[in-house]
Each structure stands twice: as structure tokens, then as C-alpha cells.
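**Q** This is entry.cif (mmCIF, C-alpha atoms).
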data_query
#
loop_
_atom_site.group_PDB
_atom_site.id
_atom_site.type_symbol
_atom_site.label_atom_id
_atom_site.label_comp_id
_atom_site.auth_asym_id
_atom_site.auth_seq_id
_atom_site.Cartn_x
_atom_site.Cartn_y
_atom_site.Cartn_z
ATOM 1 C CA PHE A 1 71.388 0.788 12.784
ATOM 2 C CA SER A 2 75.106 1.492 13.225
ATOM 3 C CA ALA A 3 77.737 1.343 10.526
ATOM 4 C CA CYS A 4 81.339 0.900 11.602
ATOM 5 C CA GLY A 5 84.413 1.603 9.543
ATOM 6 C CA GLY A 6 87.789 0.095 10.074
ATOM 7 C CA GLY A 7 90.466 1.759 11.995
ATOM 8 C CA GLY A 8 89.503 4.732 14.048
ATOM 9 C CA GLY A 9 86.357 5.613 15.898
ATOM 10 C CA GLY A 10 82.839 4.511 14.857
ATOM 11 C CA GLU A 11 79.997 6.663 13.428
ATOM 12 C CA SER A 12 76.251 5.927 13.809
ATOM 13 C CA ALA A 13 73.149 7.059 11.684
ATOM 14 C CA ASN A 14 69.410 6.975 12.595
ATOM 15 C CA VAL A 15 66.888 6.132 9.796
ATOM 16 C CA SER A 16 63.153 6.971 10.266
ATOM 17 C CA VAL A 17 60.649 4.620 8.608
ATOM 18 C CA SER A 18 57.026 6.000 8.124
ATOM 19 C CA GLN A 19 53.987 3.755 7.793
ATOM 20 C CA ALA A 20 51.363 4.527 5.070
ATOM 21 C CA TRP A 21 47.896 4.091 6.541
ATOM 22 C CA PRO A 22 45.126 2.992 4.122
ATOM 23 C CA ALA A 23 42.451 5.589 3.346
ATOM 24 C CA PRO A 24 38.928 5.037 4.686
ATOM 25 C CA THR A 25 36.121 3.834 2.429
ATOM 26 C CA VAL A 26 32.417 4.546 2.981
ATOM 27 C CA SER A 27 29.390 2.800 1.484
ATOM 28 C CA LEU A 28 25.899 4.260 2.052
ATOM 29 C CA SER A 29 22.497 3.169 0.722
ATOM 30 C CA SER A 30 18.760 3.589 1.306
ATOM 31 C CA SER A 31 16.061 0.923 1.351
ATOM 32 C CA SER A 32 14.055 3.012 -1.130
ATOM 33 C CA ALA A 33 14.774 5.888 -3.495
ATOM 34 C CA SER A 34 11.243 7.291 -3.209
ATOM 35 C CA VAL A 35 8.676 7.177 -0.384
ATOM 36 C CA THR A 36 5.477 8.895 0.666
ATOM 37 C CA LEU A 37 5.759 11.753 3.125
ATOM 38 C CA ASN A 38 5.895 10.852 6.835
ATOM 39 C CA THR A 39 7.067 7.292 6.262
ATOM 40 C CA SER A 40 10.471 5.807 7.075
ATOM 41 C CA VAL A 41 13.437 4.511 5.114
ATOM 42 C CA THR A 42 16.284 2.346 6.332
ATOM 43 C CA ILE A 43 19.731 3.844 5.821
ATOM 44 C CA THR A 44 22.523 1.234 5.772
ATOM 45 C CA TRP A 45 26.252 1.959 5.796
ATOM 46 C CA SER A 46 29.614 0.273 6.131
ATOM 47 C CA THR A 47 33.202 1.529 6.261
ATOM 48 C CA THR A 48 36.761 0.332 6.263
ATOM 49 C CA ASN A 49 39.753 1.959 7.941
ATOM 50 C CA ALA A 50 37.526 4.511 9.704
ATOM 51 C CA THR A 51 37.603 5.399 13.382
ATOM 52 C CA SER A 52 34.776 7.967 13.513
ATOM 53 C CA CYS A 53 31.773 8.902 11.358
ATOM 54 C CA THR A 54 29.391 11.885 11.350
ATOM 55 C CA ALA A 55 25.994 12.101 9.636
ATOM 56 C CA THR A 56 24.612 15.282 8.065
ATOM 57 C CA GLY A 57 21.579 16.264 6.019
ATOM 58 C CA THR A 58 18.259 14.606 6.822
ATOM 59 C CA TRP A 59 19.952 12.652 9.613
ATOM 60 C CA SER A 60 22.682 13.796 11.997
ATOM 61 C CA GLY A 61 25.050 12.862 14.797
ATOM 62 C CA SER A 62 27.918 10.456 15.345
ATOM 63 C CA LYS A 63 27.577 7.015 13.781
ATOM 64 C CA SER A 64 29.383 3.735 14.289
ATOM 65 C CA ALA A 65 31.667 2.330 11.613
ATOM 66 C CA SER A 66 28.808 0.256 10.224
ATOM 67 C CA GLY A 67 25.116 -0.238 10.859
ATOM 68 C CA SER A 68 21.582 0.622 9.786
ATOM 69 C CA GLU A 69 19.019 3.146 10.978
ATOM 70 C CA ASP A 70 15.338 3.830 10.287
ATOM 71 C CA VAL A 71 14.780 7.505 9.521
ATOM 72 C CA SER A 72 11.378 9.210 9.230
ATOM 73 C CA ILE A 73 10.967 11.470 6.181
ATOM 74 C CA SER A 74 9.021 14.568 7.193
ATOM 75 C CA VAL A 75 9.904 16.985 4.380
ATOM 76 C CA ALA A 76 8.515 16.683 0.845
ATOM 77 C CA GLY A 77 11.046 16.700 -1.980
ATOM 78 C CA ASP A 78 14.644 15.501 -2.063
ATOM 79 C CA ASN A 79 16.119 14.402 1.272
ATOM 80 C CA SER A 80 19.920 14.074 1.326
ATOM 81 C CA PHE A 81 21.755 11.652 3.626
ATOM 82 C CA SER A 82 25.527 12.136 3.962
ATOM 83 C CA LEU A 83 28.105 10.273 6.034
ATOM 84 C CA SER A 84 31.682 11.532 6.522
ATOM 85 C CA CYS A 85 34.250 9.215 8.117
ATOM 86 C CA THR A 86 37.865 9.729 9.192
ATOM 87 C CA GLY A 87 40.718 7.401 10.051
ATOM 88 C CA SER A 88 44.483 7.397 10.255
ATOM 89 C CA GLY A 89 44.643 7.389 6.464
ATOM 90 C CA GLY A 90 42.454 10.459 5.942
ATOM 91 C CA SER A 91 38.757 10.968 5.382
ATOM 92 C CA HIS A 92 36.036 9.912 2.963
ATOM 93 C CA SER A 93 32.318 10.565 2.558
ATOM 94 C CA ALA A 94 29.293 9.156 0.762
ATOM 95 C CA SER A 95 25.733 10.330 0.231
ATOM 96 C CA THR A 96 22.363 9.182 -1.071
ATOM 97 C CA THR A 97 19.087 10.965 -1.800
ATOM 98 C CA VAL A 98 15.538 9.873 -1.001
ATOM 99 C CA GLU A 99 12.619 11.593 -2.709
ATOM 100 C CA SER A 100 9.535 12.145 -0.565
ATOM 101 C CA TYR A 101 6.157 12.788 -2.155
ATOM 102 C CA GLN A 102 2.560 13.396 -1.095
ATOM 103 C CA THR A 103 -0.612 11.741 -2.327
ATOM 104 C CA PHE A 104 -4.194 12.970 -2.397
ATOM 105 C CA ASN A 105 -7.740 11.796 -2.981
ATOM 106 C CA GLY A 106 -10.429 13.434 -5.052
ATOM 107 C CA ALA A 107 -13.602 13.286 -7.118
ATOM 108 C CA VAL A 108 -14.707 14.246 -10.620
ATOM 109 C CA VAL A 109 -18.068 15.960 -10.362
ATOM 110 C CA ASP A 110 -20.499 17.360 -12.877
ATOM 111 C CA ASP A 111 -22.658 14.686 -11.683
ATOM 112 C CA TYR A 112 -20.141 12.065 -10.577
ATOM 113 C CA ILE A 113 -18.166 10.763 -13.553
ATOM 114 C CA ARG A 114 -16.958 7.176 -13.376
ATOM 115 C CA GLY A 115 -14.209 5.692 -15.494
ATOM 116 C CA SER A 116 -12.589 9.003 -16.368
ATOM 117 C CA ASP A 117 -8.859 9.237 -16.945
ATOM 118 C CA VAL A 118 -7.341 11.518 -14.309
ATOM 119 C CA PHE A 119 -3.772 12.751 -14.627
ATOM 120 C CA ILE A 120 -1.507 15.640 -13.660
ATOM 121 C CA ASP A 121 -0.272 17.500 -16.723
ATOM 122 C CA THR A 122 3.101 18.905 -15.668
ATOM 123 C CA ASN A 123 4.275 20.316 -19.016
ATOM 124 C CA ASN A 124 1.123 22.350 -19.681
ATOM 125 C CA ASN A 125 0.175 20.699 -22.974
ATOM 126 C CA TYR A 126 -3.182 19.421 -21.661
ATOM 127 C CA SER A 127 -2.461 15.845 -22.731
ATOM 128 C CA ARG A 128 -1.122 12.851 -20.871
ATOM 129 C CA GLU A 129 2.506 11.763 -21.108
ATOM 130 C CA ASN A 130 3.722 8.352 -19.941
ATOM 131 C CA SER A 131 5.836 10.026 -17.258
ATOM 132 C CA GLU A 132 2.886 11.896 -15.699
ATOM 133 C CA TYR A 133 1.015 10.557 -12.677
ATOM 134 C CA ALA A 134 -2.379 9.134 -13.569
ATOM 135 C CA THR A 135 -5.318 7.125 -12.288
ATOM 136 C CA THR A 136 -8.966 6.359 -13.119
ATOM 137 C CA THR A 137 -12.129 7.269 -11.230
ATOM 138 C CA ASP A 138 -14.011 4.417 -9.624
ATOM 139 C CA TYR A 139 -17.703 3.618 -9.952
ATOM 140 C CA GLU A 140 -18.551 6.512 -7.619
ATOM 141 C CA GLY A 141 -16.472 9.066 -9.515
ATOM 142 C CA LYS A 142 -13.724 9.059 -6.886
ATOM 143 C CA PHE A 143 -9.980 8.480 -7.059
ATOM 144 C CA SER A 144 -7.401 7.943 -4.329
ATOM 145 C CA ASN A 145 -3.683 7.993 -3.581
ATOM 146 C CA LEU A 146 -2.693 9.928 -6.694
ATOM 147 C CA ARG A 147 0.870 11.161 -6.385
ATOM 148 C CA TYR A 148 0.865 14.957 -6.035
ATOM 149 C CA SER A 149 2.685 17.386 -8.290
ATOM 150 C CA ASN A 150 2.001 20.993 -9.228
ATOM 151 C CA GLY A 151 0.369 21.221 -12.650
ATOM 152 C CA ASN A 152 -2.967 20.745 -14.375
ATOM 153 C CA LEU A 153 -5.147 18.094 -12.741
ATOM 154 C CA ILE A 154 -7.183 16.878 -15.712
ATOM 155 C CA SER A 155 -10.137 14.546 -16.066
ATOM 156 C CA TYR A 156 -10.944 13.228 -19.513
ATOM 157 C CA GLY A 157 -13.881 11.139 -20.662
ATOM 158 C CA GLY A 158 -15.846 8.722 -18.511
ATOM 159 C CA PHE A 159 -19.521 8.028 -17.924
ATOM 160 C CA ASP A 160 -22.125 10.130 -16.151
ATOM 161 C CA LEU A 161 -22.942 8.080 -13.052
ATOM 162 C CA ASP A 162 -26.645 9.019 -12.986
ATOM 163 C CA THR A 163 -27.501 8.711 -16.685
ATOM 164 C CA GLY A 164 -24.836 6.296 -17.904
ATOM 165 C CA ILE A 165 -24.136 8.628 -20.838
ATOM 166 C CA LEU A 166 -20.654 8.363 -22.341
ATOM 167 C CA LEU A 167 -18.722 11.626 -22.031
ATOM 168 C CA ASP A 168 -15.852 10.613 -24.278
ATOM 169 C CA ARG A 169 -14.566 14.145 -24.951
ATOM 170 C CA PHE A 170 -15.517 15.787 -21.679
ATOM 171 C CA PHE A 171 -12.435 17.684 -20.476
ATOM 172 C CA LEU A 172 -12.323 19.052 -16.912
ATOM 173 C CA LEU A 173 -9.476 20.766 -15.093
ATOM 174 C CA ASN A 174 -8.233 21.986 -11.734
ATOM 175 C CA LYS A 175 -4.965 23.913 -11.647
ATOM 176 C CA LEU A 176 -2.781 22.647 -8.784
ATOM 177 C CA SER A 177 -0.390 24.935 -6.950
ATOM 178 C CA SER A 178 -0.352 23.469 -3.423
ATOM 179 C CA HIS A 179 -1.068 20.082 -1.898
ATOM 180 C CA ARG A 180 -4.444 19.307 -0.363
ATOM 181 C CA ASP A 181 -5.684 15.996 0.972
ATOM 182 C CA PHE A 182 -8.874 16.121 -1.144
ATOM 183 C CA ILE A 183 -9.339 17.914 -4.477
ATOM 184 C CA VAL A 184 -12.329 18.045 -6.816
ATOM 185 C CA ILE A 185 -12.408 18.514 -10.583
ATOM 186 C CA THR A 186 -15.601 20.257 -11.704
ATOM 187 C CA PRO A 187 -16.869 22.588 -14.444
ATOM 188 C CA ILE A 188 -16.392 25.474 -11.990
ATOM 189 C CA THR A 189 -12.747 24.610 -11.268
ATOM 190 C CA THR A 190 -12.273 24.249 -15.026
ATOM 191 C CA VAL A 191 -13.569 27.730 -15.794
ATOM 192 C CA ALA A 192 -11.565 29.185 -12.894
ATOM 193 C CA ALA A 193 -8.382 27.548 -14.199
ATOM 194 C CA PHE A 194 -8.724 29.458 -17.472
ATOM 195 C CA MET A 195 -9.343 32.821 -15.799
ATOM 196 C CA ALA A 196 -6.644 35.443 -15.358
ATOM 197 C CA ASN A 197 -8.022 36.073 -11.855
ATOM 198 C CA PRO A 198 -9.547 32.792 -10.658
ATOM 199 C CA GLU A 199 -10.056 34.194 -7.165
ATOM 200 C CA ASN A 200 -13.059 36.100 -8.571
ATOM 201 C CA ILE A 201 -15.015 32.979 -9.538
ATOM 202 C CA ASN A 202 -17.176 32.912 -6.387
ATOM 203 C CA SER A 203 -18.242 36.531 -6.868
ATOM 204 C CA ILE A 204 -18.854 36.066 -10.592
ATOM 205 C CA LEU A 205 -21.177 33.096 -10.094
ATOM 206 C CA GLY A 206 -22.713 34.199 -6.792
ATOM 207 C CA ILE A 207 -21.120 31.309 -4.886
ATOM 208 C CA ASP A 208 -20.861 31.869 -1.150
ATOM 209 C CA ALA A 209 -17.430 33.168 -0.155
ATOM 210 C CA SER A 210 -17.072 30.443 2.488
ATOM 211 C CA ILE A 211 -16.993 27.711 -0.168
ATOM 212 C CA ASN A 212 -13.635 26.533 -1.459
ATOM 213 C CA ILE A 213 -14.422 25.377 -4.991
ATOM 214 C CA ASN A 214 -11.233 23.286 -5.112
ATOM 215 C CA THR A 215 -12.039 21.077 -2.138
ATOM 216 C CA THR A 216 -15.844 21.125 -1.842
ATOM 217 C CA ASP A 217 -17.670 18.216 -3.452
ATOM 218 C CA PRO A 218 -20.875 19.751 -4.901
ATOM 219 C CA ALA A 219 -22.736 16.437 -5.142
ATOM 220 C CA ALA A 220 -21.800 15.231 -1.654
ATOM 221 C CA ASN A 221 -23.044 18.495 -0.131
ATOM 222 C CA LEU A 222 -26.395 18.678 -1.927
ATOM 223 C CA THR A 223 -28.244 17.511 1.172
ATOM 224 C CA ASN A 224 -26.950 20.595 2.991
ATOM 225 C CA GLY A 225 -29.097 22.727 0.681
ATOM 226 C CA GLY A 226 -28.856 26.480 0.264
ATOM 227 C CA ILE A 227 -25.434 27.653 -0.830
ATOM 228 C CA TYR A 228 -24.435 24.099 -1.801
ATOM 229 C CA ASN A 229 -27.440 23.697 -4.085
ATOM 230 C CA HIS A 230 -26.346 26.886 -5.820
ATOM 231 C CA LEU A 231 -22.783 25.540 -6.169
ATOM 232 C CA TYR A 232 -24.068 22.318 -7.741
ATOM 233 C CA GLU A 233 -26.453 24.179 -10.047
ATOM 234 C CA LYS A 234 -23.777 26.538 -11.383
ATOM 235 C CA GLY A 235 -21.452 23.634 -12.085
ATOM 236 C CA ASN A 236 -24.164 21.808 -14.012
ATOM 237 C CA GLN A 237 -25.002 24.915 -16.033
ATOM 238 C CA LEU A 238 -21.385 25.443 -17.043
ATOM 239 C CA GLY A 239 -20.963 21.772 -17.925
ATOM 240 C CA VAL A 240 -24.097 21.695 -20.068
ATOM 241 C CA MET A 241 -23.075 24.897 -21.846
ATOM 242 C CA ALA A 242 -19.588 23.615 -22.691
ATOM 243 C CA LEU A 243 -20.903 20.242 -23.889
ATOM 244 C CA SER A 244 -23.652 21.854 -25.962
ATOM 245 C CA LEU A 245 -21.198 24.219 -27.641
ATOM 246 C CA GLN A 246 -18.768 21.388 -28.286
ATOM 247 C CA ASN A 247 -21.418 19.129 -29.810
ATOM 248 C CA ALA A 248 -22.910 21.873 -31.989
ATOM 249 C CA VAL A 249 -19.590 23.099 -33.364
ATOM 250 C CA ASN A 250 -18.313 19.559 -33.924
ATOM 251 C CA VAL A 251 -21.404 18.822 -36.022
ATOM 252 C CA TYR A 252 -21.187 21.986 -38.086
ATOM 253 C CA ASN A 253 -17.400 21.880 -38.370
ATOM 254 C CA SER A 254 -16.947 18.089 -38.765
ATOM 255 C CA SER A 255 -14.451 18.211 -35.899
ATOM 256 C CA ILE A 256 -13.750 16.106 -32.810
ATOM 257 C CA ASP A 257 -12.970 18.803 -30.257
ATOM 258 C CA ASN A 258 -13.125 18.103 -26.542
ATOM 259 C CA THR A 259 -14.633 20.671 -24.160
ATOM 260 C CA LYS A 260 -11.366 22.425 -23.237
ATOM 261 C CA ASP A 261 -11.657 25.340 -25.664
ATOM 262 C CA TYR A 262 -15.333 25.807 -24.838
ATOM 263 C CA PHE A 263 -14.719 26.137 -21.115
ATOM 264 C CA GLU A 264 -11.903 28.541 -21.940
ATOM 265 C CA SER A 265 -14.252 30.632 -24.076
ATOM 266 C CA ILE A 266 -16.807 30.741 -21.258
ATOM 267 C CA ALA A 267 -14.068 31.887 -18.867
ATOM 268 C CA GLN A 268 -13.046 34.691 -21.218
ATOM 269 C CA VAL A 269 -16.579 36.059 -21.496
ATOM 270 C CA LEU A 270 -17.163 35.763 -17.743
ATOM 271 C CA GLU A 271 -14.100 37.877 -17.025
ATOM 272 C CA GLN A 272 -15.030 40.421 -19.673
ATOM 273 C CA GLU A 273 -18.470 40.818 -18.131
ATOM 274 C CA TYR A 274 -17.086 40.948 -14.598
ATOM 275 C CA ASN A 275 -14.607 43.663 -15.537
ATOM 276 C CA VAL A 276 -17.499 45.800 -16.767
ATOM 277 C CA THR A 277 -19.734 45.170 -13.736
ATOM 278 C CA PRO A 278 -17.508 43.821 -10.930
ATOM 279 C CA ASP A 279 -20.221 44.023 -8.277
ATOM 280 C CA ALA A 280 -22.825 42.077 -10.250
ATOM 281 C CA VAL A 281 -23.353 38.319 -10.361
ATOM 282 C CA ILE A 282 -23.203 37.159 -13.986
ATOM 283 C CA ASN A 283 -26.380 35.462 -15.217
ATOM 284 C CA ILE A 284 -24.882 32.599 -17.201
ATOM 285 C CA GLU A 285 -28.350 31.398 -18.253
ATOM 286 C CA GLY A 286 -29.273 34.765 -19.747
ATOM 287 C CA GLU A 287 -29.607 35.189 -23.498
ATOM 288 C CA ALA A 288 -27.118 38.067 -23.607
ATOM 289 C CA PHE A 289 -24.370 36.034 -21.944
ATOM 290 C CA ILE A 290 -25.017 32.933 -24.050
ATOM 291 C CA ASN A 291 -24.924 34.984 -27.258
ATOM 292 C CA LYS A 292 -21.538 36.435 -26.318
ATOM 293 C CA VAL A 293 -20.118 32.998 -25.570
ATOM 294 C CA VAL A 294 -21.392 31.617 -28.890
ATOM 295 C CA ASP A 295 -19.987 34.588 -30.795
ATOM 296 C CA ASN A 296 -16.655 34.178 -29.004
ATOM 297 C CA ILE A 297 -16.300 30.489 -29.785
ATOM 298 C CA THR A 298 -17.593 30.565 -33.353
ATOM 299 C CA ALA A 299 -15.215 33.407 -34.210
ATOM 300 C CA THR A 300 -12.250 31.167 -33.428
ATOM 301 C CA LYS A 301 -13.600 27.692 -34.130
ATOM 302 C CA VAL A 302 -15.747 28.035 -37.242
ATOM 303 C CA SER A 303 -14.330 30.637 -39.576
ATOM 304 C CA THR A 304 -16.806 29.899 -42.376
ATOM 305 C CA ILE A 305 -19.935 29.591 -40.260
ATOM 306 C CA ASP A 306 -22.888 31.609 -41.479
ATOM 307 C CA SER A 307 -25.244 33.658 -39.359
ATOM 308 C CA ALA A 308 -28.050 31.108 -39.622
ATOM 309 C CA ILE A 309 -25.905 28.393 -38.046
ATOM 310 C CA THR A 310 -24.793 30.765 -35.296
ATOM 311 C CA THR A 311 -28.442 31.555 -34.617
ATOM 312 C CA ASN A 312 -29.246 27.836 -34.441
ATOM 313 C CA ILE A 313 -26.484 27.250 -31.889
ATOM 314 C CA LYS A 314 -27.749 30.122 -29.762
ATOM 315 C CA SER A 315 -31.271 28.747 -29.935
ATOM 316 C CA ALA A 316 -30.083 25.281 -28.933
ATOM 317 C CA LEU A 317 -28.479 26.705 -25.812
#
Using C-alpha cells, write down the structure that the file contains.
**A**
Amino acid sequence: FSACGGGGGGESANVSVSQAWPAPTVSLSSSSASVTLNTSVTITWSTTNATSCTATGTWSGSKSASGSEDVSISVAGDNSFSLSCTGSGGSHSASTTVESYQTFNGAVVDDYIRGSDVFIDTNNNYSRENSEYATTTDYEGKFSNLRYSNGNLISYGGFDLDTGILLDRFFLLNKLSSHRDFIVITPITTVAAFMANPENINSILGIDASININTTDPAANLTNGGIYNHLYEKGNQLGVMALSLQNAVNVYNSSIDNTKDYFESIAQVLEQEYNVTPDAVINIEGEAFINKVVDNITATKVSTIDSAITTNIKSAL
């Protein structure tokens, strides 16, 4: 505008007026916070005062100011979705995270054990917490779609499918360190889990090197004979030994132990014997081995046990 004074010549002044543009806003959400691996989620977003948007993280590329998109989750773990938008008033971003997990199937096999509680112990206390993933074996001793996590895959209790006998304190274990589609829990995987060098278990028990004890169902492969019969037999022998020790010590000690400590004791003696004769298969049915296992467990479990009771336990085995 121009301002004019009286009298002489006029003088003019220019005034610049700047406009304040509103800052962009970004809203971003996912249809689910947690999904199984290799499934999709729908990412939905909206903005105000934005002229361009760019996606980063699990998705990428230029995006419109608002919309939705189905995105396949192909990586296990946390998947981050971020959206950065700019406009005349600056820039703004938003993000959301989708957890992707894997599931697996399995079986609990001494003979098949139905109705057992199966869970993944993630804090290494060998008991189930409410936050830990769990399921129950069906009538055939199988379970399915258990959410995977590294930890101790534990089976507890249940009924022997063939005999109907209640195994209310029968503890079995498989130590998980990588995902597999099918995983078994057996007396052999239990003993291996308590060994310092579990990779030696096949050699120790004379199990064929081609057999993966963590994924091979001993009962399902019985009809294949040979090396699979041996696998099944060794599992049964270890299971019977642990149960027999547990029952005997519980009677003499008036305790209610499960089989965990007994499998652990067997594992300790197996490794001791293997370290002495690493090229020899350990005869777990032999009197010498059984005596060492009994001595090992009674030394820690029954401090007041007398020699006659120890002898009776050895004879029972």
C-alpha cells in the first residue's frame, strides 16, 4: 500500500505477508498385530496436508495420500511398516509393527502318549507359565499348529495309548533351537537335551547316523524295520528306566518327583561312559550301566538310603 503525507512529494512502502501452511499428519495401522509366517496383513493409512508419501521397512515405494494395501509377511519376527509424508507445511511420519511367527506339528512318543500337556518353556524353569505357548496331544499322541519359539519343548503327563496307563508324572523334553515343521518328543530327545554334547547321542546308543532323532517318529517308522526298530527299542528302554527309577525312589523317599531328574541322571552316566570309550556303543541294559545310574540318582535323591534299598532298586531294574 502507499502512504502519502501532506505537502511535498509522496513516499511508498511494500509489505510482504507470508502464509503459514499446516503441517502434515499421518495415520497408519495394520489389520493384525501378529500373523503366521507367509500370510498377509492389510496396511491402512490416511494423511492430511500431504502431497507425497514414501513407504519403508517391510513395504516400500511411493504411496498415495490415503489407501490400503495387502502385504505378504515373509520374514519371521518383527516386521516394521513406516510411512513418511511431506507437504508445504513440512513432513511427518508414522509406523506400525507386525509380528510374524511360525507354527509346527509334532508327536509325543514312548509309545504314543495321548492327553499330555505340551508347552514351550522359554524361561528354562521346566514348568509352564501362562504366557508360554501350549497345547494338548490328541488321541493319537499328536499335536498341531503350536506356535514356535526357541526353548524347551516339554510334554508332561498323559496316557499310554497302547496300555491306557496314566503317566501323570512322565516328563519328556526336546530342546528347540531352530524351527522345523514336525518335531517329536521322546525319551531319546529328553536324554539328549540334558547332555553337554547331544550330537553324540546316535553314536552312544548305536542309532544310525542317518536318523534325525528330533524329527523321526519312532512309532510311525516301526514298519520300516531295521534301524527304526532299534530307534524305537532304545527309546522304550530309556523311558522304562526313568519311570522305574522315579517310582522306586518316590516310594522309598515318600516324594512325588517327575521323571526329569532321572532322565538327567541317565544322560550324565551316558556321557561319562562315552568319554571313557568314545568308540563303543553303551549297553544301557547292562548291569554295570544300570548300577551306575542307580548310584548316581540315589546319591542326590535319597541321602539316607541304605545299601539294601539301593540293591533292591538295582534288582528291580
**Q** Take atom CA of A:Arg169 and atom CA of A:Leu238 and report the distance between them in Å, one decimal.
**A**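 Distance between the two atoms: 15.4 Å.
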**Q** For the structure provided, state which residues fall under the PyMOL selection byres ((chain A and resi 68) around 9), and present them as a PyMOL selection string.
**A** chain A and resi 42-46+66-67+69-70
**Q** Using all atoms listed in the file, which residue out of A:Leu205, A:Met195, A:Leu243, A:Ala219 lies closest to A:Glu285?
**A**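 That would be A:Leu205, the residue with the smallest distance to A:Glu285.
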**Q** Any chance you could work out the residue set of the PyMOL selection byres ((chain A and resi 173) around 12) here, as a PDB file with C-alpha atoms, in the frame of the given file?
**A**
ATOM      1  CA  ALA A 107     -13.602  13.286  -7.118  1.00  0.00           C
ATOM      2  CA  VAL A 108     -14.707  14.246 -10.620  1.00  0.00           C
ATOM      3  CA  VAL A 109     -18.068  15.960 -10.362  1.00  0.00           C
ATOM      4  CA  ASP A 110     -20.499  17.360 -12.877  1.00  0.00           C
ATOM      5  CA  ASP A 117      -8.859   9.237 -16.945  1.00  0.00           C
ATOM      6  CA  VAL A 118      -7.341  11.518 -14.309  1.00  0.00           C
ATOM      7  CA  PHE A 119      -3.772  12.751 -14.627  1.00  0.00           C
ATOM      8  CA  ILE A 120      -1.507  15.640 -13.660  1.00  0.00           C
ATOM      9  CA  ASP A 121      -0.272  17.500 -16.723  1.00  0.00           C
ATOM     10  CA  ASN A 124       1.123  22.350 -19.681  1.00  0.00           C
ATOM     11  CA  TYR A 126      -3.182  19.421 -21.661  1.00  0.00           C
ATOM     12  CA  SER A 127      -2.461  15.845 -22.731  1.00  0.00           C
ATOM     13  CA  GLY A 151       0.369  21.221 -12.650  1.00  0.00           C
ATOM     14  CA  ASN A 152      -2.967  20.745 -14.375  1.00  0.00           C
ATOM     15  CA  LEU A 153      -5.147  18.094 -12.741  1.00  0.00           C
ATOM     16  CA  ILE A 154      -7.183  16.878 -15.712  1.00  0.00           C
ATOM     17  CA  SER A 155     -10.137  14.546 -16.066  1.00  0.00           C
ATOM     18  CA  TYR A 156     -10.944  13.228 -19.513  1.00  0.00           C
ATOM     19  CA  GLY A 157     -13.881  11.139 -20.662  1.00  0.00           C
ATOM     20  CA  PHE A 170     -15.517  15.787 -21.679  1.00  0.00           C
ATOM     21  CA  PHE A 171     -12.435  17.684 -20.476  1.00  0.00           C
ATOM     22  CA  LEU A 172     -12.323  19.052 -16.912  1.00  0.00           C
ATOM     23  CA  ASN A 174      -8.233  21.986 -11.734  1.00  0.00           C
ATOM     24  CA  LYS A 175      -4.965  23.913 -11.647  1.00  0.00           C
ATOM     25  CA  LEU A 176      -2.781  22.647  -8.784  1.00  0.00           C
ATOM     26  CA  ILE A 183      -9.339  17.914  -4.477  1.00  0.00           C
ATOM     27  CA  VAL A 184     -12.329  18.045  -6.816  1.00  0.00           C
ATOM     28  CA  ILE A 185     -12.408  18.514 -10.583  1.00  0.00           C
ATOM     29  CA  THR A 186     -15.601  20.257 -11.704  1.00  0.00           C
ATOM     30  CA  PRO A 187     -16.869  22.588 -14.444  1.00  0.00           C
ATOM     31  CA  ILE A 188     -16.392  25.474 -11.990  1.00  0.00           C
ATOM     32  CA  THR A 189     -12.747  24.610 -11.268  1.00  0.00           C
ATOM     33  CA  THR A 190     -12.273  24.249 -15.026  1.00  0.00           C
ATOM     34  CA  VAL A 191     -13.569  27.730 -15.794  1.00  0.00           C
ATOM     35  CA  ALA A 192     -11.565  29.185 -12.894  1.00  0.00           C
ATOM     36  CA  ALA A 193      -8.382  27.548 -14.199  1.00  0.00           C
ATOM     37  CA  PHE A 194      -8.724  29.458 -17.472  1.00  0.00           C
ATOM     38  CA  ASN A 214     -11.233  23.286  -5.112  1.00  0.00           C
ATOM     39  CA  GLY A 239     -20.963  21.772 -17.925  1.00  0.00           C
ATOM     40  CA  THR A 259     -14.633  20.671 -24.160  1.00  0.00           C
ATOM     41  CA  LYS A 260     -11.366  22.425 -23.237  1.00  0.00           C
ATOM     42  CA  ASP A 261     -11.657  25.340 -25.664  1.00  0.00           C
ATOM     43  CA  PHE A 263     -14.719  26.137 -21.115  1.00  0.00           C
ATOM     44  CA  GLU A 264     -11.903  28.541 -21.940  1.00  0.00           C
TER      45      GLU A 264
END
**Q** Give me, as a PyMOL selection string, all polymer residues having an atom no more than 8 Å from A:Ile73, counting only C-alpha atoms and skipping those fewer than 4 positions away in the same chain.
**A** chain A and resi 37-41+58+79+100
**Q** Would you mind putting N, CA and C atoms back on stretch 38-49 of chain A and writing the result as a CSV table (one decimal), in the coordinates of the input?
**A**
chain,number,residue,atom,x,y,z
A,38,ASN,N,6.1,11.3,5.5
A,38,ASN,CA,5.9,10.9,6.8
A,38,ASN,C,6.0,9.3,7.0
A,39,THR,N,6.7,8.7,6.1
A,39,THR,CA,7.1,7.3,6.3
A,39,THR,C,8.6,7.2,6.5
A,40,SER,N,9.1,6.0,6.7
A,40,SER,CA,10.5,5.8,7.1
A,40,SER,C,11.2,5.1,6.0
A,41,VAL,N,12.5,5.3,5.9
A,41,VAL,CA,13.4,4.5,5.1
A,41,VAL,C,14.5,4.0,6.0
A,42,THR,N,15.2,2.9,5.6
A,42,THR,CA,16.3,2.3,6.3
A,42,THR,C,17.6,2.7,5.6
A,43,ILE,N,18.4,3.5,6.3
A,43,ILE,CA,19.7,3.8,5.8
A,43,ILE,C,20.8,2.8,6.3
A,44,THR,N,21.5,2.2,5.4
A,44,THR,CA,22.5,1.2,5.8
A,44,THR,C,23.9,1.7,5.3
A,45,TRP,N,24.9,1.5,6.2
A,45,TRP,CA,26.3,2.0,5.8
A,45,TRP,C,27.3,1.0,6.3
A,46,SER,N,28.5,1.0,5.7
A,46,SER,CA,29.6,0.3,6.1
A,46,SER,C,30.9,1.0,5.7
A,47,THR,N,31.9,0.8,6.5
A,47,THR,CA,33.2,1.5,6.3
A,47,THR,C,34.4,0.6,6.4
A,48,THR,N,35.5,1.0,5.9
A,48,THR,CA,36.8,0.3,6.3
A,48,THR,C,37.8,1.4,6.6
A,49,ASN,N,38.6,1.1,7.5
A,49,ASN,CA,39.8,2.0,7.9
A,49,ASN,C,39.3,3.3,8.5
